[in-house]
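Containing compact mmCIF, C-alpha atoms: coords-v4.txt.
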```
# COMPACT_ATOMS: atom_id res chain seq x y z
CA MET A 27 -9.08 -74.67 215.96
CA LYS A 28 -12.02 -74.76 213.52
CA ILE A 29 -9.70 -73.59 210.74
CA PHE A 30 -7.18 -76.30 211.65
CA HIS A 31 -9.84 -79.01 211.66
CA GLY A 32 -11.28 -77.72 208.39
CA ARG A 33 -7.89 -77.82 206.70
CA LEU A 34 -7.12 -81.24 208.15
CA LEU A 35 -10.33 -82.61 206.65
CA VAL A 36 -9.53 -81.10 203.26
CA PHE A 37 -5.95 -82.41 203.50
CA CYS A 38 -7.32 -85.94 203.98
CA ALA A 39 -9.81 -85.42 201.14
CA ILE A 40 -7.11 -84.26 198.72
CA ALA A 41 -4.71 -87.07 199.70
CA MET A 42 -7.40 -89.74 199.31
CA SER A 43 -8.61 -88.31 196.00
CA ALA A 44 -5.07 -88.32 194.63
CA LEU A 45 -4.88 -92.08 195.22
CA VAL A 46 -7.87 -92.57 192.91
CA LEU A 47 -6.60 -90.72 189.85
CA ARG A 48 -4.91 -93.68 188.08
CA LEU A 49 -6.60 -96.74 189.63
CA ALA A 50 -8.80 -97.61 186.64
CA VAL A 51 -5.78 -97.64 184.33
CA THR A 52 -3.15 -99.59 186.24
CA SER A 53 -5.59 -102.12 187.73
CA PHE A 54 -6.78 -103.04 184.21
CA SER A 55 -3.61 -103.09 182.09
CA PRO A 56 -1.88 -106.11 183.72
CA LEU A 57 -5.10 -108.13 183.31
CA ALA A 58 -6.00 -107.06 179.77
CA ALA A 59 -5.06 -110.42 178.20
CA GLN A 60 -7.01 -112.38 180.81
CA ILE A 61 -10.08 -110.16 180.44
CA GLN A 62 -9.80 -110.36 176.65
CA GLU A 63 -9.80 -114.15 176.78
CA ASP A 64 -12.79 -114.30 179.15
CA ILE A 65 -15.03 -111.72 177.49
CA GLY A 66 -13.76 -112.30 173.96
CA PHE A 67 -12.65 -109.14 172.18
CA SER A 68 -9.99 -108.56 169.55
CA THR A 69 -6.47 -107.24 169.94
CA THR A 70 -7.65 -104.06 168.22
CA VAL A 71 -10.06 -103.47 171.08
CA VAL A 72 -7.16 -103.90 173.52
CA GLY A 73 -5.52 -101.00 171.68
CA VAL A 74 -8.71 -98.97 172.05
CA PHE A 75 -8.65 -99.60 175.81
CA GLY A 76 -5.06 -98.33 175.79
CA MET A 77 -6.05 -95.05 174.15
CA VAL A 78 -9.16 -94.37 176.25
CA PRO A 79 -7.35 -93.06 179.37
CA THR A 80 -5.51 -90.20 177.70
CA LEU A 81 -8.52 -89.33 175.52
CA MET A 82 -10.87 -89.19 178.53
CA PHE A 83 -8.31 -87.17 180.48
CA ALA A 84 -8.12 -84.75 177.53
CA VAL A 85 -11.90 -84.36 177.24
CA SER A 86 -12.19 -83.92 181.01
CA GLY A 87 -9.47 -81.29 180.92
CA MET A 88 -11.44 -79.24 178.42
CA LEU A 89 -14.80 -79.51 180.18
CA THR A 90 -13.95 -79.53 183.88
CA PRO A 91 -13.23 -75.78 184.30
CA LEU A 92 -16.76 -75.08 183.04
CA LEU A 93 -18.24 -77.61 185.47
CA ALA A 94 -16.18 -76.24 188.36
CA ALA A 95 -17.25 -72.68 187.56
CA ARG A 96 -20.90 -73.73 187.49
CA PHE A 97 -21.05 -76.11 190.45
CA GLY A 98 -17.96 -75.28 192.52
CA LEU A 99 -14.73 -77.18 193.03
CA GLU A 100 -15.97 -79.22 195.99
CA ARG A 101 -19.15 -80.48 194.35
CA THR A 102 -17.24 -81.24 191.16
CA VAL A 103 -14.57 -83.34 192.88
CA THR A 104 -17.23 -85.18 194.89
CA VAL A 105 -19.07 -86.16 191.72
CA ALA A 106 -15.74 -87.12 190.12
CA MET A 107 -14.95 -89.59 192.91
CA LEU A 108 -18.45 -91.08 192.71
CA MET A 109 -18.13 -91.44 188.93
CA ALA A 110 -14.79 -93.20 189.32
CA GLY A 111 -16.14 -95.55 191.97
CA THR A 112 -19.32 -96.36 190.06
CA GLY A 113 -17.44 -97.02 186.83
CA MET A 114 -14.86 -99.30 188.45
CA ALA A 115 -17.46 -101.25 190.43
CA ALA A 116 -19.92 -101.69 187.56
CA ARG A 117 -17.37 -102.70 184.93
CA ALA A 118 -16.33 -105.63 187.13
CA LEU A 119 -19.82 -107.09 186.67
CA VAL A 120 -20.35 -106.79 182.90
CA THR A 121 -20.09 -109.59 180.36
CA ASP A 122 -19.82 -107.70 177.05
CA THR A 123 -17.08 -105.59 175.50
CA TRP A 124 -18.94 -102.34 174.93
CA SER A 125 -20.32 -102.14 178.46
CA LEU A 126 -16.82 -102.74 179.77
CA LEU A 127 -15.51 -99.96 177.54
CA ALA A 128 -18.32 -97.52 178.44
CA LEU A 129 -17.97 -98.07 182.18
CA SER A 130 -14.19 -97.80 181.95
CA ALA A 131 -14.72 -94.48 180.20
CA LEU A 132 -17.04 -93.36 183.03
CA ALA A 133 -14.42 -94.21 185.64
CA LEU A 134 -11.68 -92.51 183.63
CA ALA A 135 -13.82 -89.41 183.12
CA GLY A 136 -14.19 -89.14 186.89
CA MET A 137 -10.44 -89.47 187.28
CA GLY A 138 -9.85 -86.91 184.55
CA ILE A 139 -12.09 -84.42 186.34
CA GLY A 140 -10.16 -85.12 189.52
CA ASN A 141 -6.88 -84.44 187.69
CA VAL A 142 -8.07 -80.93 186.90
CA VAL A 143 -9.78 -79.86 190.13
CA ILE A 144 -7.17 -81.02 192.65
CA PRO A 145 -4.62 -78.25 191.82
CA PRO A 146 -7.11 -75.38 192.29
CA LEU A 147 -8.40 -77.03 195.47
CA VAL A 148 -4.82 -77.04 196.76
CA LYS A 149 -4.56 -73.36 195.88
CA ARG A 150 -7.88 -72.53 197.56
CA TYR A 151 -7.17 -74.21 200.89
CA PHE A 152 -3.36 -74.35 201.06
CA SER A 153 -2.04 -71.30 199.20
CA ASP A 154 0.57 -70.95 201.95
CA ARG A 155 1.77 -74.55 201.52
CA LEU A 156 1.69 -75.09 197.77
CA ALA A 157 4.95 -77.03 197.49
CA VAL A 158 4.17 -79.39 200.37
CA MET A 159 0.62 -80.07 199.23
CA SER A 160 1.71 -80.50 195.62
CA SER A 161 4.13 -83.18 196.80
CA VAL A 162 1.40 -84.83 198.86
CA TYR A 163 -1.07 -85.22 196.03
CA ILE A 164 1.53 -86.08 193.37
CA VAL A 165 2.94 -88.79 195.65
CA GLY A 166 -0.64 -90.00 196.06
CA VAL A 167 -1.04 -90.20 192.30
CA GLN A 168 2.19 -92.18 192.02
CA ILE A 169 1.15 -94.62 194.76
CA GLY A 170 -2.20 -95.08 193.04
CA THR A 171 -0.30 -95.84 189.84
CA ILE A 172 2.20 -98.31 191.25
CA VAL A 173 0.27 -100.35 193.81
CA PRO A 174 -2.54 -101.66 191.54
CA ALA A 175 0.01 -102.63 188.88
CA PHE A 176 1.85 -104.86 191.36
CA VAL A 177 -1.27 -106.22 193.10
CA ALA A 178 -3.54 -106.82 190.09
CA VAL A 179 -2.22 -110.22 188.96
CA PRO A 180 -1.79 -111.84 192.42
CA LEU A 181 -5.26 -110.62 193.40
CA ALA A 182 -6.75 -111.95 190.17
CA ASP A 183 -5.07 -115.31 190.75
CA ALA A 184 -6.56 -115.47 194.24
CA ALA A 185 -10.06 -114.08 193.66
CA GLY A 186 -10.59 -113.62 189.90
CA TRP A 187 -10.09 -110.67 187.59
CA ARG A 188 -13.49 -109.17 188.38
CA THR A 189 -12.57 -108.77 192.03
CA SER A 190 -9.13 -107.50 191.05
CA ILE A 191 -10.46 -104.62 188.94
CA GLY A 192 -13.54 -103.93 191.09
CA VAL A 193 -12.05 -103.73 194.57
CA TRP A 194 -10.49 -100.33 193.85
CA ALA A 195 -13.95 -98.76 193.66
CA ALA A 196 -13.93 -98.78 197.47
CA VAL A 197 -11.02 -96.31 197.43
CA ALA A 198 -12.96 -93.90 195.20
CA PHE A 199 -16.12 -94.09 197.32
CA ALA A 200 -14.02 -93.57 200.46
CA ALA A 201 -12.40 -90.50 198.85
CA ALA A 202 -15.84 -88.99 198.22
CA LEU A 203 -16.80 -89.14 201.92
CA PRO A 204 -14.60 -86.30 203.27
CA TRP A 205 -15.72 -84.06 200.42
CA ILE A 206 -19.35 -84.78 201.33
CA VAL A 207 -18.53 -83.76 204.90
CA VAL A 208 -16.87 -80.55 203.64
CA LEU A 209 -20.00 -79.70 201.64
CA ALA A 210 -22.27 -80.50 204.60
CA ARG A 211 -20.24 -78.29 206.95
CA ARG A 212 -20.32 -75.40 204.52
CA ARG A 213 -24.08 -75.63 204.16
CA ALA A 214 -24.48 -75.80 207.95
CA ALA A 215 -22.17 -72.84 208.65
CA PRO A 216 -22.46 -70.34 205.76
CA GLY A 217 -20.28 -67.81 207.56
CA GLY A 218 -17.49 -70.15 208.61
CA ALA A 219 -13.80 -70.18 207.93
CA PHE A 220 -14.15 -72.04 204.67
CA ALA A 221 -17.38 -70.50 203.48
CA GLU A 222 -16.19 -69.27 200.08
CA PRO A 223 -18.89 -69.59 197.41
CA LEU A 224 -19.16 -73.14 196.09
CA ALA A 225 -19.48 -71.84 192.57
CA GLU A 226 -17.37 -68.98 191.29
CA PRO A 227 -19.43 -66.17 189.75
CA GLY A 228 -18.10 -63.61 187.33
CA ARG A 229 -15.49 -64.32 184.69
CA ARG A 230 -12.46 -66.60 184.73
CA PRO A 231 -9.15 -66.19 182.89
CA SER A 232 -8.94 -67.90 179.51
CA ALA A 233 -5.74 -69.95 179.37
CA TRP A 234 -6.35 -70.45 175.63
CA ARG A 235 -5.30 -66.84 175.04
CA SER A 236 -2.20 -66.81 177.23
CA PRO A 237 1.39 -67.69 176.31
CA VAL A 238 1.64 -69.18 179.80
CA GLY A 239 -1.25 -71.52 179.00
CA TRP A 240 0.27 -72.75 175.73
CA ALA A 241 3.74 -73.14 177.23
CA MET A 242 2.33 -75.17 180.12
CA ALA A 243 0.22 -77.32 177.79
CA LEU A 244 3.18 -78.15 175.55
CA MET A 245 5.47 -78.83 178.50
CA PHE A 246 2.89 -81.18 180.00
CA GLY A 247 2.05 -82.72 176.63
CA MET A 248 5.63 -83.53 175.68
CA THR A 249 6.32 -85.04 179.10
CA SER A 250 3.20 -87.21 178.87
CA THR A 251 3.94 -88.21 175.27
CA ILE A 252 7.38 -89.52 176.21
CA THR A 253 6.10 -91.17 179.39
CA TYR A 254 3.22 -93.06 177.77
CA ALA A 255 5.37 -94.09 174.80
CA MET A 256 8.00 -95.53 177.12
CA PHE A 257 5.46 -97.28 179.37
CA THR A 258 4.15 -99.02 176.25
CA TRP A 259 7.41 -99.83 174.46
CA ILE A 260 10.14 -100.45 177.09
CA PRO A 261 9.50 -104.23 177.09
CA ALA A 262 9.68 -104.45 173.29
CA ILE A 263 12.85 -102.34 173.10
CA LEU A 264 14.61 -104.52 175.67
CA ALA A 265 13.26 -107.74 174.13
CA ASP A 266 14.77 -106.74 170.78
CA ALA A 267 18.09 -106.39 172.60
CA GLY A 268 17.81 -109.92 174.01
CA ALA A 269 16.19 -109.34 177.40
CA SER A 270 13.48 -111.62 178.79
CA ALA A 271 9.85 -110.59 179.16
CA ALA A 272 10.22 -110.73 182.95
CA PHE A 273 13.19 -108.35 182.82
CA GLY A 274 11.24 -105.96 180.60
CA GLY A 275 8.37 -105.94 183.08
CA THR A 276 10.76 -105.29 185.95
CA MET A 277 12.19 -102.30 184.09
CA VAL A 278 8.68 -100.88 183.58
CA GLY A 279 8.21 -101.22 187.35
CA LEU A 280 11.51 -99.40 187.98
CA PHE A 281 10.46 -96.67 185.55
CA SER A 282 7.23 -96.23 187.54
CA MET A 283 9.04 -96.20 190.89
CA MET A 284 11.30 -93.35 189.81
CA GLY A 285 8.18 -91.20 189.63
CA LEU A 286 8.05 -91.24 193.42
CA VAL A 287 11.51 -89.68 193.60
CA ALA A 288 10.36 -86.89 191.31
CA ALA A 289 7.12 -86.43 193.25
CA PHE A 290 8.97 -85.90 196.53
CA GLY A 291 11.59 -83.49 195.23
CA ALA A 292 10.40 -81.58 192.15
CA PRO A 293 7.55 -79.51 193.68
CA THR A 294 9.74 -78.16 196.49
CA LEU A 295 12.64 -77.32 194.18
CA CYS A 296 10.24 -75.74 191.69
CA ALA A 297 8.63 -73.54 194.36
CA ARG A 298 11.96 -72.34 195.74
CA MET A 299 13.28 -71.10 192.39
CA ALA A 300 11.99 -67.92 190.76
CA ASN A 301 12.72 -69.52 187.39
CA PRO A 302 13.05 -73.34 187.61
CA PHE A 303 14.05 -73.78 183.95
CA PRO A 304 17.43 -75.34 184.97
CA LEU A 305 15.38 -78.26 186.32
CA VAL A 306 13.78 -78.68 182.90
CA VAL A 307 17.24 -78.70 181.31
CA ALA A 308 18.38 -81.39 183.78
CA CYS A 309 15.30 -83.48 182.92
CA ALA A 310 16.02 -83.07 179.21
CA VAL A 311 19.60 -84.26 179.74
CA CYS A 312 18.28 -87.35 181.54
CA PHE A 313 15.94 -88.07 178.64
CA VAL A 314 18.67 -87.64 176.01
CA LEU A 315 21.14 -89.89 177.85
CA ALA A 316 18.48 -92.55 178.42
CA PHE A 317 17.34 -92.49 174.77
CA ALA A 318 20.93 -92.71 173.56
CA GLY A 319 21.62 -95.66 175.85
CA LEU A 320 18.47 -97.54 174.87
CA LEU A 321 19.11 -96.90 171.19
CA TRP A 322 22.82 -97.69 170.92
CA ALA A 323 23.65 -99.95 173.90
CA PRO A 324 20.42 -101.06 175.58
CA MET A 325 21.84 -104.03 177.50
CA SER A 326 25.18 -102.48 178.48
CA ALA A 327 23.63 -100.66 181.47
CA PRO A 328 19.84 -101.09 181.27
CA VAL A 329 19.17 -100.18 184.89
CA LEU A 330 21.07 -96.90 184.47
CA TRP A 331 19.12 -96.05 181.30
CA ILE A 332 15.78 -96.73 183.00
CA VAL A 333 16.72 -94.74 186.11
CA LEU A 334 17.64 -91.76 183.90
CA LEU A 335 14.48 -92.30 181.88
CA GLY A 336 12.43 -92.29 185.08
CA LEU A 337 13.99 -89.03 186.28
CA GLY A 338 13.21 -87.26 183.00
CA PRO A 339 9.45 -86.98 183.67
CA SER A 340 10.15 -84.86 186.76
CA THR A 341 8.72 -82.17 184.50
CA PHE A 342 5.30 -83.79 185.22
CA PRO A 343 5.16 -82.82 188.93
CA MET A 344 6.84 -79.55 187.97
CA ALA A 345 4.00 -78.75 185.56
CA LEU A 346 1.36 -79.60 188.16
CA THR A 347 3.11 -77.37 190.69
CA LEU A 348 3.52 -74.51 188.20
CA ILE A 349 -0.25 -74.53 187.60
CA ASN A 350 -0.57 -72.94 191.03
CA LEU A 351 2.68 -70.98 191.01
CA ARG A 352 1.72 -69.22 187.76
CA THR A 353 -1.82 -68.20 188.75
CA ARG A 354 -3.18 -65.67 191.25
CA THR A 355 -6.57 -67.22 192.04
CA HIS A 356 -8.14 -70.65 192.16
CA ALA A 357 -10.29 -69.58 189.18
CA GLY A 358 -7.08 -69.00 187.22
CA SER A 359 -5.66 -72.27 188.53
CA SER A 360 -8.77 -74.15 187.39
CA SER A 361 -8.58 -72.62 183.92
CA LEU A 362 -4.85 -73.29 183.55
CA SER A 363 -5.17 -76.82 184.96
CA GLY A 364 -7.94 -77.73 182.53
CA PHE A 365 -6.18 -76.27 179.52
CA THR A 366 -2.77 -77.73 180.40
CA GLN A 367 -4.10 -81.23 180.97
CA GLY A 368 -6.72 -81.15 178.24
CA VAL A 369 -4.32 -80.18 175.47
CA GLY A 370 -1.44 -82.12 177.03
CA TYR A 371 -3.27 -85.44 177.26
CA LEU A 372 -4.74 -84.98 173.78
CA VAL A 373 -1.22 -84.64 172.37
CA ALA A 374 0.03 -87.54 174.51
CA SER A 375 -2.69 -89.93 173.31
CA ALA A 376 -0.85 -90.27 169.99
CA GLY A 377 2.57 -90.92 171.57
CA PRO A 378 2.57 -94.74 171.82
CA LEU A 379 0.90 -95.09 168.41
CA VAL A 380 3.34 -92.80 166.59
CA PHE A 381 6.32 -94.46 168.26
CA GLY A 382 5.09 -97.88 167.12
CA VAL A 383 4.17 -96.79 163.60
CA LEU A 384 7.63 -95.30 163.08
CA HIS A 385 9.21 -98.54 164.26
CA ASP A 386 7.08 -100.60 161.86
CA ALA A 387 7.84 -98.24 158.97
CA SER A 388 11.61 -98.26 159.51
CA GLY A 389 12.17 -101.74 160.90
CA ASN A 390 14.30 -100.33 163.73
CA TRP A 391 14.05 -97.86 166.61
CA TRP A 392 15.90 -94.92 165.00
CA TRP A 393 12.86 -93.03 163.74
CA SER A 394 10.92 -93.77 166.91
CA PHE A 395 13.62 -92.30 169.14
CA GLY A 396 14.05 -89.45 166.67
CA TYR A 397 10.42 -88.61 167.42
CA LEU A 398 11.15 -88.57 171.14
CA PHE A 399 14.28 -86.42 170.65
CA ALA A 400 12.01 -83.91 168.85
CA CYS A 401 9.62 -84.04 171.82
CA VAL A 402 12.52 -83.17 174.13
CA ALA A 403 13.35 -80.15 171.97
CA VAL A 404 9.74 -78.92 172.20
CA LEU A 405 9.78 -79.62 175.95
CA LEU A 406 12.82 -77.36 176.35
CA ALA A 407 11.28 -74.56 174.30
CA ALA A 408 7.96 -74.75 176.16
CA GLY A 409 9.63 -75.12 179.54
CA SER A 410 11.68 -71.98 179.00
CA GLN A 411 8.42 -70.03 178.68
CA ALA A 412 6.40 -71.89 181.33
CA CYS A 413 9.09 -71.37 183.97
CA ARG A 414 9.39 -67.59 183.51
CA PRO A 415 8.19 -65.81 186.68
CA ARG A 416 4.94 -64.38 185.37
CA MET A 417 1.27 -65.02 186.11
CA LEU A 418 -1.43 -66.28 183.77
CA GLU A 419 -3.71 -63.37 184.66
CA ASP A 420 -0.98 -60.85 183.84
CA THR A 421 -0.48 -62.18 180.30
CA LEU A 422 -4.09 -61.60 179.28
CA ARG A 423 -5.49 -58.69 177.36
CA SER A 424 -8.64 -56.95 178.58
CA GLY A 425 -11.60 -59.20 177.87
CA ASP A 426 -9.57 -62.43 177.64
CA THR A 427 -11.83 -64.17 180.14
CA LEU A 428 -14.65 -66.68 180.04
CA PRO A 429 -17.90 -66.81 182.04
CA GLY A 430 -17.59 -68.41 185.43
CA GLY A 431 -14.47 -67.24 187.23
CA GLY A 432 -12.07 -64.49 188.21
CA ALA A 433 -12.12 -60.95 186.99
CA PRO A 434 -10.21 -59.82 183.90
CA ALA A 435 -6.57 -59.10 184.50
CA GLY A 436 -6.39 -55.97 182.41
CA ARG A 437 -3.90 -55.07 179.70
CA TYR A 438 -1.28 -57.48 178.48
CA THR A 439 1.73 -57.44 180.80
CA GLU A 440 4.46 -59.82 181.82
CA THR A 441 5.26 -58.99 185.39
CA GLN A 442 8.14 -60.43 187.29
CA THR A 443 6.01 -60.97 190.38
CA GLY A 444 7.85 -63.59 192.34
CA ALA A 445 6.22 -66.94 191.85
CA SER A 446 8.55 -68.14 194.58
CA SER A 447 6.54 -66.16 197.12
CA HIS A 448 3.85 -68.82 196.77
CA GLY A 449 4.30 -72.22 198.28
CA ARG A 450 7.54 -71.74 200.13
```
Could I get this file's structure written as structure tokens?
Amino acid sequence: MKIFHGRLLVFCAIAMSALVLRLAVTSFSPLAAQIQEDIGFSTTVVGVFGMVPTLMFAVSGMLTPLLAARFGLERTVTVAMLMAGTGMAARALVTDTWSLLALSALALAGMGIGNVVIPPLVKRYFSDRLAVMSSVYIVGVQIGTIVPAFVAVPLADAAGWRTSIGVWAAVAFAAALPWIVVLARRRAAPGGAFAEPLAEPGRRPSAWRSPVGWAMALMFGMTSTITYAMFTWIPAILADAGASAAFGGTMVGLFSMMGLVAAFGAPTLCARMANPFPLVVACAVCFVLAFAGLLWAPMSAPVLWIVLLGLGPSTFPMALTLINLRTRTHAGSSSLSGFTQGVGYLVASAGPLVFGVLHDASGNWWWSFGYLFACVAVLLAAGSQACRPRMLEDTLRSGDTLPGGGAPAGRYTETQTGASSHGR
């Protein structure tokens, strides 16, 4: 019964934390013009605000495994939620551009840390339910992405933009509470069911030195590059084809909603297949068909193109699920999660900019979509390696570890240990 209650508490903590991981982004973007007019910053600064999320997620991805190894996963995620809440609450009160930017960065850093530590927390507490729990937290991320985007403007109209961007801090502070209870229980009962060490002594696998790590990072990076480029440019592409601004916004909403479909289905399918590369191929086909439709006949069947485009990023929940399916320990999961998301988001931060620069240079969308077709090719190549049934720890040479985690895995091998045995 104690074990059940302990897992139920952690389940609630993970689900609530997942809701927080995009709030600072999607609550701000719909109100950027209104905030710009009130505070008074240039359009260039708006572009800076657009780049900050992926850059902070990238930096957090690089640093979080070190923090988790030093302080433990539970303490790290607790601090992350408090950072996110503090940043979102405080930025709603400022009156100058740089304070707004700095506090947004604080909130986004907390969310970036949360991005990295949630997968290893799932592996630590729910190694027998990886697919189900992966779906739970990825659905939470999607809900936290969609709801603020739809609510932001009506809430700002009713109570002002400061209330609209600040109210979400309550969600982050609420998400910190169950983690605080988890920490308190573990201090009170050092021999209990969930009394693993808060910090992880020893050495942890270095994803930098593993082909699994690089394949995962490129798979995640290409998916995120395409996704962020399309979030930014769908309205402009459709406007060039004669659509209204309202229709373009609706299509962005549809694109976001399709992420829920992927979040429900992709983790389970991924966990049930020893090698889920056929799913990557299906996602690539969706991308190619959507790009072709948007490039050559955007208004002939725009809803179909956007539905296909929204199914393509199913490789995002796949990548998050594979972080646990391709590691043996939560130390390995933490290392792979940080590397995958750190490198992936760093690559993705250039996606919207490159897409736009290519459009400006050519005067049409051919070069821009050519860039995305190239991303799909890299996605396929990386996915073929990331999906192979082998573990991160087994692809490391002796000594390919870093202070703060699991033991070295020994000589370089590529075992066919069934990843499908985890999370079914």
Of the candidates A:Ala133, A:Val333, A:Leu362, A:Arg211, which shows the shortest atom-to-atom distance to Met417 (chain A), using all atoms listed in the file?
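Counting all atoms listed in the file, the residue closest to Met417 (chain A) is A:Leu362.
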Residue contacts of region 385-394 of chain A (9 Å, only C-alpha atoms) excluding same-chain residues fewer than 5 positions away, as a list of chain:residue names:
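Returned residues: A:Ile263, A:Leu321, A:Val380, A:Phe399.
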Test item: which residues lie within 12 Å of (-15.2, -106.1, 196.2) counting all atoms listed in the file, as a short mmCIF file (atom, residue, chain, number, x, y, z; two decimals) with C-alpha atoms, in the coordinates of the input:
```cif
data_model
loop_
_atom_site.label_atom_id
_atom_site.label_comp_id
_atom_site.auth_asym_id
_atom_site.auth_seq_id
_atom_site.Cartn_x
_atom_site.Cartn_y
_atom_site.Cartn_z
CA GLY A 111 -16.14 -95.55 191.97
CA MET A 114 -14.86 -99.30 188.45
CA ALA A 115 -17.46 -101.25 190.43
CA ALA A 116 -19.92 -101.69 187.56
CA ARG A 117 -17.37 -102.70 184.93
CA ALA A 118 -16.33 -105.63 187.13
CA LEU A 119 -19.82 -107.09 186.67
CA LEU A 181 -5.26 -110.62 193.40
CA ALA A 182 -6.75 -111.95 190.17
CA ALA A 185 -10.06 -114.08 193.66
CA GLY A 186 -10.59 -113.62 189.90
CA TRP A 187 -10.09 -110.67 187.59
CA ARG A 188 -13.49 -109.17 188.38
CA THR A 189 -12.57 -108.77 192.03
CA SER A 190 -9.13 -107.50 191.05
CA ILE A 191 -10.46 -104.62 188.94
CA GLY A 192 -13.54 -103.93 191.09
CA VAL A 193 -12.05 -103.73 194.57
CA TRP A 194 -10.49 -100.33 193.85
CA ALA A 195 -13.95 -98.76 193.66
CA ALA A 196 -13.93 -98.78 197.47
CA VAL A 197 -11.02 -96.31 197.43
#
```
For Ser236 (chain A): contacts at 6 Å, only C-alpha atoms, fewer than 3 positions along chain excluded, given as a list in words:
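The residues that qualify are Ala233, Gly239, Thr421 and Leu422 of chain A.
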8 Å contact set for Val51 (chain A), only C-alpha atoms, chain neighbours under 4 positions out, as a ChimeraX atom specification
/A:55,79,134,171
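Nearest residue to Phe365 (chain A) among A:Ala400, A:Val78, A:Val143, A:Ala272 is A:Val143, counting all atoms listed in the file.
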State, in Å with one decimal place, the distance from CA of Leu346 (chain A) to CA of Met77 (chain A).
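Atom-to-atom, CA of Leu346 (chain A) to CA of Met77 (chain A), that is 22.1 Å.
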Need to verify the contact set: Leu45 (chain A), 12 Å, only C-alpha atoms, exclusion of same-chain residues closer than 3 positions in sequence. Can you return it as a PyMOL selection string?
chain A and resi 38-42+48-50+52+107+110+137+140-141+144+162-174+194-202
Go ahead and compute the interatomic distance for CA of Val278 (chain A) and CA of Thr253 (chain A), in Å to one decimal.
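A separation of 10.9 Å between them.
The interatomic distance for the pair CA of Gly247 (chain A) and CA of Ala374 (chain A) works out to 5.6 Å.
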What would the list of residues within 12 Å of (-20.3, -84.3, 188.5) (file frame) look like as a count of residues only, if all atoms listed in the file are what count?
32
Contacts of Leu418 (chain A) at 6 Å or less, counting all atoms listed in the file, minus same-chain residues fewer than 3 places along, as a list in words?
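Here the answer would be Val238, Arg352, Thr353 and Thr421 of chain A.
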Smallest atom-to-atom distance to Leu244 (chain A): which of A:Thr366, A:Thr80, A:Thr258, A:Thr294, using all atoms listed in the file?
A:Thr366
